[in-house]
Amino acid sequence: MFRAVIPRSLCSLLIVALLSAFSGGQASPSADLIVTSARVYTVNHRQPWAEAIAIRDGKILAVGKATEVEKFKGADTKVIDAGGRVVLPGFADCHVHFMSGSIGLLGVILDDAKTVDEYQKRVKQFADTHPDAPWILGRGWTYPTFGAAALPDKKYLDAVVPDRPVFLEGFDGHTYWANSKALELADIGNRTPDPANGIIVRDANGSATGALKEAAEELVSKVVPPMTREQRLAALRGGLQEAAKDGVVRMHSAGGDFEYFDLYDELRKNGQLTARFYIAYFLDPPELTPKEIDLIENARRTYHDDWLAGGAVKTMLDGVVESHTAAMKYADTGKTTSTFWDPQKYTAAMQELDKRGFQMFTHAIGDDAVDLALNAFQNMQQVNHTHDMRPRVEHIETVKAADIARFGKLGVIASMQPLHAYPDEDTLGPWLAGAGKEREPRAWAWKSIKDDGGHLAFGSDWPVVTINPWPGVEMAVTRETTEGTPAGGFVPAQRLTVAQAIEGYTLGAAFAGHREQTEGSIEAGKLADLIVISQDPFQVPSNQLSKTQVLLTMVGGKIVYQSAAWDKNSSSGAGK
């Protein structure tokens, strides 16, 4: 078959010619805004680099050389001079719990604390400075901090806050830490049974230690006083500011936001929604019900534009490796943990949702869970004869060798969070002990999946780790800690290039949400969601990528964040 080949140098000129033709041969339409004097990395393989961008009505009008884009400048066109800085598509976070992350900004933050003493100090300081708070809430503690036990104990919290309930989420969101007062209010005693898919950790005498695994946290969370609508809206505004500061313009919510669609809609109507949201319904086992189908269908009918969209369903097949709740056979105990779902009911649920045109997000960390997800997705394709539905497996911390190629073969998205592979004492300690040396070469095997034809989509799982994507970019490229350990990287064969890592947060993320035609790269006709950054990621040493700062974030052609470091003189004509 004959294919005409168009030289790249003519691409921008063709855009100008086409726009002129569409306007009836009249002069090219004027841009609302032009970004010029930039190093634009477009993530468009046909035109990887450019110098300037013209924007009109929230969309990209043209991309190319500065002299070409200058033709779109009119009397009222604002001009941003990027001063030679790098411009990228705005980043997406393909796995986020935005409401939870936003609320987490208001509580005790333990993320960077390294000792139990530091945990206690921060909890007490928060309690002292919030004397009217009925509960002390927070998150971010890690398993290795508690030594060989790898689990917290209520005694540490009782020592600093004995009179008010304290309830702290672990960094991974799968284990919680309660003091005695919180356990008392939740009526958790020696005879309290473990809930389905949850474990109340107990000492030798049967008393609850304060550690609650998986669904057991619901015993306490249900007695925590609910936040008011205004409190949640205020939290979301803070979360949106955090996202804009980090250049994140699109969220794929993986749970905890569906119930608050109306709050996001209120922010949108008030002009305060500065990021776009694709929100999944969280489906709990044991089965899919008609009531849930109605909820999901209604959300899709109600919210279906560039700013707010339903149409996805998230579920969890297992937990995490560190607490031995991931579905797999453990190297350190020889025991096998089962999936949260009965395999037949999970397969049936996926088949029904696929038939109705919903996209599935399945949390699967253990290799048995990943295998079940792939089997279910293969079954639904064969039964429903659906095409290009792009079901997603979330996390994929371990995977069987035979399953790696199935992602590409089945068209399943590998939705992964690079910073989860950070090789600190948690990963190289409890995680590796549970997974075992045999699985180590396939730990967070994003390059193997990509090399075998799979599509990667990157995110954070915020608030599990920071919503800032640049530490994740560095992790995907180096597989090392910020101190450079282990030398050469943890499983270095899985390292990606800078371009591949950036694509995972941009065009790969857009593809994962069926939006590659309108988002994810800087091309004419796509949404004008852009960021200007402080350094060139293709030029700096790879161990400096995490230090990249976002200087300016633009969503729909409007600036939603501008850093103090941004050179005000680089905005010539702005506001004229």
# chains A, B, ... in the order shown; residues from 1 in each chain; ligands from 1
>>> residues_around(residues="Met360 of chain A", least_positions_apart="5", cutoff="9 Å", atoms="only C-alpha atoms", output="PDB file with C-alpha atoms, in the first residue's frame")
ATOM      1  CA  ALA A 280     -13.821   5.187  39.598  1.00  0.00           C
ATOM      2  CA  GLY A 311     -17.334   5.199  33.763  1.00  0.00           C
ATOM      3  CA  ALA A 312     -14.664   3.281  35.680  1.00  0.00           C
ATOM      4  CA  VAL A 313     -14.826   0.699  38.468  1.00  0.00           C
ATOM      5  CA  LYS A 314     -12.042  -0.070  40.958  1.00  0.00           C
ATOM      6  CA  THR A 315     -11.782  -3.206  43.029  1.00  0.00           C
ATOM      7  CA  MET A 350     -15.577  -8.178  35.427  1.00  0.00           C
ATOM      8  CA  LEU A 353     -18.987  -4.566  33.818  1.00  0.00           C
ATOM      9  CA  ASP A 354     -17.104  -5.057  30.559  1.00  0.00           C
ATOM     10  CA  MET A 389     -11.591  -1.658  26.578  1.00  0.00           C
ATOM     11  CA  ARG A 390      -8.168  -1.219  28.202  1.00  0.00           C
ATOM     12  CA  PRO A 391      -8.791  -2.904  31.571  1.00  0.00           C
ATOM     13  CA  ARG A 392      -6.131  -2.044  34.105  1.00  0.00           C
ATOM     14  CA  VAL A 393      -4.127  -3.898  36.704  1.00  0.00           C
TER      15      VAL A 393
END
>>> residues_around(residues="Met416 of chain A", least_positions_apart="6", cutoff="10 Å", atoms="only C-alpha atoms", output="PyMOL selection string")
chain A and resi 94-95+392-397+444-446+456-461+504
>>> residues_around(residues="Gly189 of chain A", least_positions_apart="3", cutoff="9 Å", atoms="only C-alpha atoms", output="list in words")
Leu183, Glu184, Ala186, Thr192, Pro193, Gly206, Ser207 and Ala208 of chain A
>>> write_last_selection(atoms="all heavy atoms", output="compact mmCIF listing (two decimals), in the first residue's frame")
# COMPACT_ATOMS: atom_id res chain seq x y z
N LEU A 183 -9.66 2.13 70.29
CA LEU A 183 -10.15 0.75 70.34
C LEU A 183 -11.37 0.64 71.24
O LEU A 183 -12.34 -0.08 70.94
CB LEU A 183 -9.05 -0.18 70.84
CG LEU A 183 -7.81 -0.33 69.93
CD1 LEU A 183 -6.74 -1.14 70.65
CD2 LEU A 183 -8.18 -0.99 68.62
N GLU A 184 -11.34 1.38 72.33
CA GLU A 184 -12.48 1.35 73.27
C GLU A 184 -13.73 1.92 72.61
O GLU A 184 -14.82 1.33 72.71
CB GLU A 184 -12.12 2.18 74.51
CG GLU A 184 -13.25 2.32 75.52
CD GLU A 184 -12.93 3.33 76.61
OE1 GLU A 184 -11.73 3.58 76.87
OE2 GLU A 184 -13.89 3.90 77.18
N ALA A 186 -14.42 2.02 69.53
CA ALA A 186 -14.85 1.11 68.47
C ALA A 186 -15.36 -0.21 69.01
O ALA A 186 -15.76 -1.09 68.23
CB ALA A 186 -13.70 0.87 67.50
N THR A 192 -13.97 -9.67 69.95
CA THR A 192 -14.41 -9.07 68.68
C THR A 192 -13.89 -9.89 67.52
O THR A 192 -12.68 -10.10 67.38
CB THR A 192 -13.89 -7.63 68.55
OG1 THR A 192 -14.30 -6.88 69.70
CG2 THR A 192 -14.43 -6.97 67.29
N PRO A 193 -14.75 -10.39 66.66
CA PRO A 193 -14.27 -11.22 65.56
C PRO A 193 -13.62 -10.38 64.46
O PRO A 193 -13.94 -9.20 64.29
CB PRO A 193 -15.56 -11.88 65.04
CG PRO A 193 -16.65 -10.91 65.38
CD PRO A 193 -16.23 -10.28 66.68
N GLY A 206 -4.59 -12.37 73.53
CA GLY A 206 -5.80 -12.11 72.75
C GLY A 206 -6.23 -10.66 72.72
O GLY A 206 -7.26 -10.33 72.12
N SER A 207 -5.46 -9.78 73.34
CA SER A 207 -5.81 -8.36 73.36
C SER A 207 -5.35 -7.69 72.07
O SER A 207 -4.27 -7.98 71.54
CB SER A 207 -5.15 -7.65 74.55
OG SER A 207 -5.63 -8.20 75.76
N ALA A 208 -6.15 -6.77 71.59
CA ALA A 208 -5.79 -6.03 70.38
C ALA A 208 -4.56 -5.18 70.64
O ALA A 208 -4.50 -4.45 71.64
CB ALA A 208 -6.95 -5.16 69.92
>>> residues_around(residues="segment 42-57 of chain A", least_positions_apart="2", cutoff="7 Å", atoms="only C-alpha atoms", output="list in words")
Arg8, Ala31, Asp32, Leu33, Ile34, Val35, Thr36, Ser37, Ala38, Arg39, Val40, Lys59, Ile60, Leu61, Ala62, Val63, Gly64, Lys65, Ala66, Val69, Phe72, Leu88, Pro89, Glu503, Leu507, Ser521, Ile522, Ala528 and Gly557 of chain A
>>> select_by_dssp(residues="segment 169-264 of chain A", states="strand (DSSP E)", output="list in words")
Glu169, Gly170, Thr175, Tyr176, Trp177, Ala178, Gly198, Ile199, Ile200, Val201, Arg202, Ala208, Thr209, Gly210, Ala211, Leu212, Lys213, Glu214, Val248, Val249, Arg250, Met251, His252 and Ser253 of chain A
>>> residues_around(residues="Leu530 of chain A", least_positions_apart="4", cutoff="7 Å", atoms="only C-alpha atoms", output="NGL selection string")
:A and (87-90 or 553-555)
>>> residues_around(residues="Trp470 of chain A", least_positions_apart="6", cutoff="12 Å", atoms="only C-alpha atoms", output="tab-separated table (two decimals) with all heavy atoms, in the first residue's frame")
chain	number	residue	atom	x	y	z
A	91	PHE	N	1.24	16.74	33.72
A	91	PHE	CA	1.31	15.34	34.13
A	91	PHE	C	-0.05	14.86	34.64
A	91	PHE	O	-0.85	15.63	35.16
A	91	PHE	CB	2.35	15.15	35.23
A	91	PHE	CG	3.76	15.04	34.72
A	91	PHE	CD1	4.16	15.65	33.55
A	91	PHE	CD2	4.71	14.32	35.43
A	91	PHE	CE1	5.46	15.54	33.07
A	91	PHE	CE2	6.01	14.21	34.96
A	91	PHE	CZ	6.40	14.82	33.79
A	92	ALA	N	-0.28	13.56	34.48
A	92	ALA	CA	-1.46	12.91	35.05
A	92	ALA	C	-1.01	11.99	36.17
A	92	ALA	O	0.12	11.50	36.17
A	92	ALA	CB	-2.20	12.11	33.98
A	93	ASP	N	-1.87	11.79	37.13
A	93	ASP	CA	-1.64	10.80	38.18
A	93	ASP	C	-2.67	9.71	37.98
A	93	ASP	O	-3.86	9.90	38.21
A	93	ASP	CB	-1.78	11.42	39.57
A	93	ASP	CG	-1.25	10.50	40.66
A	93	ASP	OD1	-1.56	9.29	40.60
A	93	ASP	OD2	-0.55	10.98	41.56
A	245	LYS	N	0.81	22.85	42.15
A	245	LYS	CA	2.21	23.15	42.45
A	245	LYS	C	3.14	22.10	41.86
A	245	LYS	O	4.27	22.40	41.45
A	245	LYS	CB	2.40	23.23	43.97
A	245	LYS	CG	3.84	23.44	44.42
A	245	LYS	CD	3.93	23.56	45.93
A	245	LYS	CE	3.61	22.27	46.63
A	245	LYS	NZ	4.67	21.23	46.43
A	246	ASP	N	2.67	20.86	41.78
A	246	ASP	CA	3.49	19.77	41.27
A	246	ASP	C	3.23	19.47	39.80
A	246	ASP	O	3.74	18.49	39.26
A	246	ASP	CB	3.26	18.51	42.11
A	246	ASP	CG	3.79	18.66	43.53
A	246	ASP	OD1	4.82	19.34	43.70
A	246	ASP	OD2	3.17	18.12	44.47
A	247	GLY	N	2.41	20.28	39.14
A	247	GLY	CA	2.19	20.11	37.71
A	247	GLY	C	1.28	18.96	37.34
A	247	GLY	O	1.32	18.48	36.21
A	248	VAL	N	0.43	18.52	38.27
A	248	VAL	CA	-0.48	17.41	38.00
A	248	VAL	C	-1.83	17.98	37.59
A	248	VAL	O	-2.49	18.67	38.38
A	248	VAL	CB	-0.63	16.49	39.23
A	248	VAL	CG1	-1.52	15.30	38.89
A	248	VAL	CG2	0.75	16.00	39.69
A	417	GLN	N	3.13	2.53	40.02
A	417	GLN	CA	3.55	3.69	40.78
A	417	GLN	C	5.05	3.57	41.07
A	417	GLN	O	5.45	2.88	42.01
A	417	GLN	CB	2.76	3.79	42.08
A	417	GLN	CG	1.24	3.88	41.88
A	417	GLN	CD	0.61	2.55	41.46
A	417	GLN	OE1	0.91	1.50	42.01
A	417	GLN	NE2	-0.27	2.60	40.47
A	418	PRO	N	5.88	4.23	40.26
A	418	PRO	CA	7.32	4.02	40.36
A	418	PRO	C	7.89	4.20	41.76
A	418	PRO	O	8.78	3.45	42.17
A	418	PRO	CB	7.89	5.06	39.38
A	418	PRO	CG	6.83	5.20	38.35
A	418	PRO	CD	5.53	5.10	39.11
A	419	LEU	N	7.39	5.18	42.50
A	419	LEU	CA	7.97	5.44	43.81
A	419	LEU	C	7.69	4.33	44.81
A	419	LEU	O	8.36	4.25	45.84
A	419	LEU	CB	7.47	6.79	44.34
A	419	LEU	CG	8.39	7.52	45.32
A	419	LEU	CD1	9.80	7.68	44.76
A	419	LEU	CD2	7.80	8.88	45.69
A	458	PHE	N	1.55	5.72	34.72
A	458	PHE	CA	2.18	5.95	36.02
A	458	PHE	C	1.35	6.86	36.93
A	458	PHE	O	0.61	7.73	36.46
A	458	PHE	CB	3.57	6.54	35.85
A	458	PHE	CG	4.62	5.56	35.37
A	458	PHE	CD1	5.78	6.00	34.76
A	458	PHE	CD2	4.44	4.19	35.54
A	458	PHE	CE1	6.75	5.10	34.33
A	458	PHE	CE2	5.40	3.28	35.13
A	458	PHE	CZ	6.56	3.75	34.51
A	459	GLY	N	1.50	6.65	38.21
A	459	GLY	CA	0.82	7.46	39.21
A	459	GLY	C	1.54	7.39	40.53
A	459	GLY	O	2.68	6.92	40.62
A	460	SER	N	0.86	7.84	41.59
A	460	SER	CA	1.50	7.92	42.90
A	460	SER	C	0.84	7.04	43.95
A	460	SER	O	1.52	6.55	44.85
A	460	SER	CB	1.47	9.37	43.39
A	460	SER	OG	0.13	9.77	43.65
A	476	ALA	N	11.87	5.67	38.35
A	476	ALA	CA	11.71	4.84	37.15
A	476	ALA	C	13.00	4.75	36.36
A	476	ALA	O	13.28	3.74	35.71
A	476	ALA	CB	10.60	5.42	36.27
A	477	VAL	N	13.81	5.80	36.43
A	477	VAL	CA	15.05	5.86	35.65
A	477	VAL	C	16.23	5.23	36.39
A	477	VAL	O	17.06	4.55	35.78
A	477	VAL	CB	15.36	7.32	35.28
A	477	VAL	CG1	16.73	7.45	34.60
A	477	VAL	CG2	14.28	7.88	34.37
A	498	VAL	N	14.53	8.49	30.46
A	498	VAL	CA	13.78	9.66	30.90
A	498	VAL	C	12.54	9.85	30.03
A	498	VAL	O	11.45	10.12	30.54
A	498	VAL	CB	14.68	10.92	30.85
A	498	VAL	CG1	13.85	12.17	31.12
A	498	VAL	CG2	15.82	10.81	31.86
A	501	ALA	N	9.86	7.39	31.03
A	501	ALA	CA	9.26	7.72	32.32
A	501	ALA	C	8.27	8.88	32.17
A	501	ALA	O	7.15	8.84	32.71
A	501	ALA	CB	10.35	8.07	33.33
A	502	ILE	N	8.67	9.92	31.44
A	502	ILE	CA	7.78	11.05	31.22
A	502	ILE	C	6.52	10.61	30.47
A	502	ILE	O	5.40	11.03	30.79
A	502	ILE	CB	8.51	12.17	30.47
A	502	ILE	CG1	9.56	12.83	31.39
A	502	ILE	CG2	7.53	13.22	29.95
A	502	ILE	CD1	10.44	13.84	30.70
A	504	GLY	N	5.05	7.82	30.62
A	504	GLY	CA	4.16	7.10	31.53
A	504	GLY	C	3.23	8.02	32.29
A	504	GLY	O	2.12	7.64	32.65
A	505	TYR	N	3.68	9.26	32.53
A	505	TYR	CA	2.86	10.24	33.25
A	505	TYR	C	2.08	11.17	32.31
A	505	TYR	O	1.35	12.03	32.78
A	505	TYR	CB	3.76	11.11	34.13
A	505	TYR	CG	4.30	10.43	35.36
A	505	TYR	CD1	5.59	9.92	35.39
A	505	TYR	CD2	3.52	10.32	36.52
A	505	TYR	CE1	6.12	9.31	36.53
A	505	TYR	CE2	4.03	9.73	37.66
A	505	TYR	CZ	5.32	9.23	37.67
A	505	TYR	OH	5.82	8.64	38.80
A	533	ILE	N	9.13	23.84	33.55
A	533	ILE	CA	9.90	23.27	34.65
A	533	ILE	C	11.27	23.94	34.80
A	533	ILE	O	11.75	24.62	33.90
A	533	ILE	CB	10.06	21.74	34.51
A	533	ILE	CG1	10.70	21.37	33.16
A	533	ILE	CG2	8.69	21.07	34.66
A	533	ILE	CD1	10.95	19.87	33.01
A	534	SER	N	11.90	23.71	35.94
A	534	SER	CA	13.10	24.44	36.33
A	534	SER	C	14.38	23.94	35.69
A	534	SER	O	15.37	24.66	35.64
A	534	SER	CB	13.26	24.38	37.86
A	534	SER	OG	13.42	23.02	38.28
A	535	GLN	N	14.38	22.70	35.20
A	535	GLN	CA	15.61	22.16	34.61
A	535	GLN	C	15.24	21.20	33.49
A	535	GLN	O	14.11	20.73	33.40
A	535	GLN	CB	16.45	21.45	35.67
A	535	GLN	CG	15.76	20.28	36.37
A	535	GLN	CD	16.64	19.62	37.42
A	535	GLN	OE1	17.76	20.04	37.70
A	535	GLN	NE2	16.14	18.56	38.03
A	537	PRO	N	15.19	17.81	32.02
A	537	PRO	CA	15.36	16.43	32.52
A	537	PRO	C	16.22	15.57	31.61
A	537	PRO	O	16.73	14.53	32.06
A	537	PRO	CB	13.93	15.91	32.58
A	537	PRO	CG	13.16	16.74	31.61
A	537	PRO	CD	13.80	18.09	31.65
A	542	SER	N	20.74	11.77	36.22
A	542	SER	CA	19.48	11.10	36.55
A	542	SER	C	19.15	11.15	38.03
A	542	SER	O	17.98	11.14	38.41
A	542	SER	CB	19.51	9.65	36.07
A	542	SER	OG	20.61	8.96	36.62
A	543	ASN	N	20.18	11.24	38.89
A	543	ASN	CA	19.89	11.30	40.33
A	543	ASN	C	19.51	12.70	40.79
A	543	ASN	O	19.35	12.95	41.98
A	543	ASN	CB	21.08	10.78	41.13
A	543	ASN	CG	22.34	11.63	40.96
A	543	ASN	OD1	22.35	12.61	40.21
A	543	ASN	ND2	23.40	11.25	41.64
A	544	GLN	N	19.34	13.62	39.83
A	544	GLN	CA	18.87	14.97	40.14
A	544	GLN	C	17.46	15.24	39.62
A	544	GLN	O	16.93	16.33	39.77
A	544	GLN	CB	19.84	16.00	39.53
A	544	GLN	CG	21.26	15.91	40.04
A	544	GLN	CD	21.36	16.20	41.53
A	544	GLN	OE1	20.87	17.23	42.01
A	544	GLN	NE2	21.98	15.29	42.28
A	545	LEU	N	16.86	14.23	39.00
A	545	LEU	CA	15.54	14.42	38.40
A	545	LEU	C	14.49	14.81	39.44
A	545	LEU	O	13.58	15.61	39.16
A	545	LEU	CB	15.11	13.15	37.67
A	545	LEU	CG	15.82	12.87	36.35
A	545	LEU	CD1	15.58	11.42	35.91
A	545	LEU	CD2	15.33	13.84	35.27
A	546	SER	N	14.60	14.24	40.64
A	546	SER	CA	13.60	14.51	41.67
A	546	SER	C	13.64	15.96	42.15
A	546	SER	O	12.70	16.43	42.79
A	546	SER	CB	13.79	13.58	42.86
A	546	SER	OG	15.07	13.77	43.45
A	547	LYS	N	14.70	16.68	41.82
A	547	LYS	CA	14.81	18.08	42.23
A	547	LYS	C	14.15	19.03	41.23
A	547	LYS	O	14.14	20.25	41.44
A	547	LYS	CB	16.29	18.45	42.40
A	547	LYS	CG	16.97	17.67	43.52
A	547	LYS	CD	18.42	18.09	43.71
A	547	LYS	CE	19.06	17.32	44.85
A	547	LYS	NZ	20.48	17.70	45.05
A	548	THR	N	13.59	18.48	40.16
A	548	THR	CA	12.88	19.30	39.19
A	548	THR	C	11.70	20.00	39.87
A	548	THR	O	10.93	19.37	40.59
A	548	THR	CB	12.36	18.44	38.03
A	548	THR	OG1	13.46	17.76	37.42
A	548	THR	CG2	11.66	19.30	36.99
A	549	GLN	N	11.57	21.28	39.64
A	549	GLN	CA	10.47	22.05	40.19
A	549	GLN	C	9.58	22.55	39.06
A	549	GLN	O	10.06	22.88	37.98
A	549	GLN	CB	10.98	23.24	41.00
A	549	GLN	CG	11.74	22.84	42.26
A	549	GLN	CD	12.18	24.06	43.06
A	549	GLN	OE1	12.31	25.16	42.53
A	549	GLN	NE2	12.38	23.87	44.35
A	550	VAL	N	8.31	22.60	39.34
A	550	VAL	CA	7.37	23.17	38.38
A	550	VAL	C	7.29	24.66	38.64
A	550	VAL	O	7.00	25.10	39.76
A	550	VAL	CB	5.98	22.50	38.51
A	550	VAL	CG1	4.97	23.19	37.62
A	550	VAL	CG2	6.08	21.02	38.16
>>> residues_around(residues="Glu230 of chain A", least_positions_apart="5", cutoff="10 Å", atoms="only C-alpha atoms", output="list of chain:residue names")
A:Ala235, A:Leu236, A:Leu263
>>> write_last_selection(atoms="all heavy atoms", output="mmCIF file, in the first residue's frame")
data_model
loop_
_atom_site.group_PDB
_atom_site.id
_atom_site.type_symbol
_atom_site.label_atom_id
_atom_site.label_comp_id
_atom_site.auth_asym_id
_atom_site.auth_seq_id
_atom_site.Cartn_x
_atom_site.Cartn_y
_atom_site.Cartn_z
ATOM 1 N N ALA A 235 -10.635 21.041 52.285
ATOM 2 C CA ALA A 235 -9.541 20.071 52.106
ATOM 3 C C ALA A 235 -9.237 19.894 50.625
ATOM 4 O O ALA A 235 -8.067 19.846 50.216
ATOM 5 C CB ALA A 235 -9.919 18.742 52.742
ATOM 6 N N LEU A 236 -10.279 19.786 49.794
ATOM 7 C CA LEU A 236 -10.076 19.610 48.352
ATOM 8 C C LEU A 236 -9.366 20.815 47.743
ATOM 9 O O LEU A 236 -8.508 20.655 46.865
ATOM 10 C CB LEU A 236 -11.405 19.372 47.656
ATOM 11 C CG LEU A 236 -12.069 18.012 47.902
ATOM 12 C CD1 LEU A 236 -13.416 17.949 47.198
ATOM 13 C CD2 LEU A 236 -11.167 16.876 47.415
ATOM 14 N N LEU A 263 -19.199 17.367 45.249
ATOM 15 C CA LEU A 263 -18.272 18.375 45.752
ATOM 16 C C LEU A 263 -17.330 18.846 44.644
ATOM 17 O O LEU A 263 -17.056 20.048 44.515
ATOM 18 C CB LEU A 263 -17.465 17.828 46.927
ATOM 19 C CG LEU A 263 -18.256 17.407 48.176
ATOM 20 C CD1 LEU A 263 -17.293 17.073 49.310
ATOM 21 C CD2 LEU A 263 -19.214 18.493 48.604
#
>>> closest_residue(among="A:Glu287, A:Asp262, A:Asp128, A:Glu438", to="Leu308 of chain A", atoms="only C-alpha atoms")
A:Asp262
>>> select_by_dssp(residues="segment 151-279 of chain A", states="helix (DSSP H, G or I)", output="PyMOL selection string")
chain A and resi 154-158+180-185+215-221+229-245+258-269
>>> closest_residue(among="A:Ala182, A:Leu428, A:Val560, A:Ile109", to="Val491 of chain A", atoms="only C-alpha atoms")
A:Leu428
>>> closest_residue(among="A:Ala402, A:Val108, A:Val96, A:Ala327", to="Gly434 of chain A", atoms="only C-alpha atoms")
A:Ala327
>>> closest_residue(among="A:Arg406, A:Arg300, A:Thr336, A:Leu374", to="Gly357 of chain A", atoms="only C-alpha atoms")
A:Arg300
>>> closest_residue(among="A:Tyr156, A:Asp111, A:Glu440, A:Lys73", to="Lys124 of chain A", atoms="only C-alpha atoms")
A:Tyr156
>>> atom_distance(atom1="atom CA of Val86 of chain A", atom2="atom CA of Gly508 of chain A")
19.7 Å
>>> closest_residue(among="A:Gln494, A:Thr209, A:Ser323, A:Gln378", to="Gly170 of chain A", atoms="only C-alpha atoms")
A:Ser323
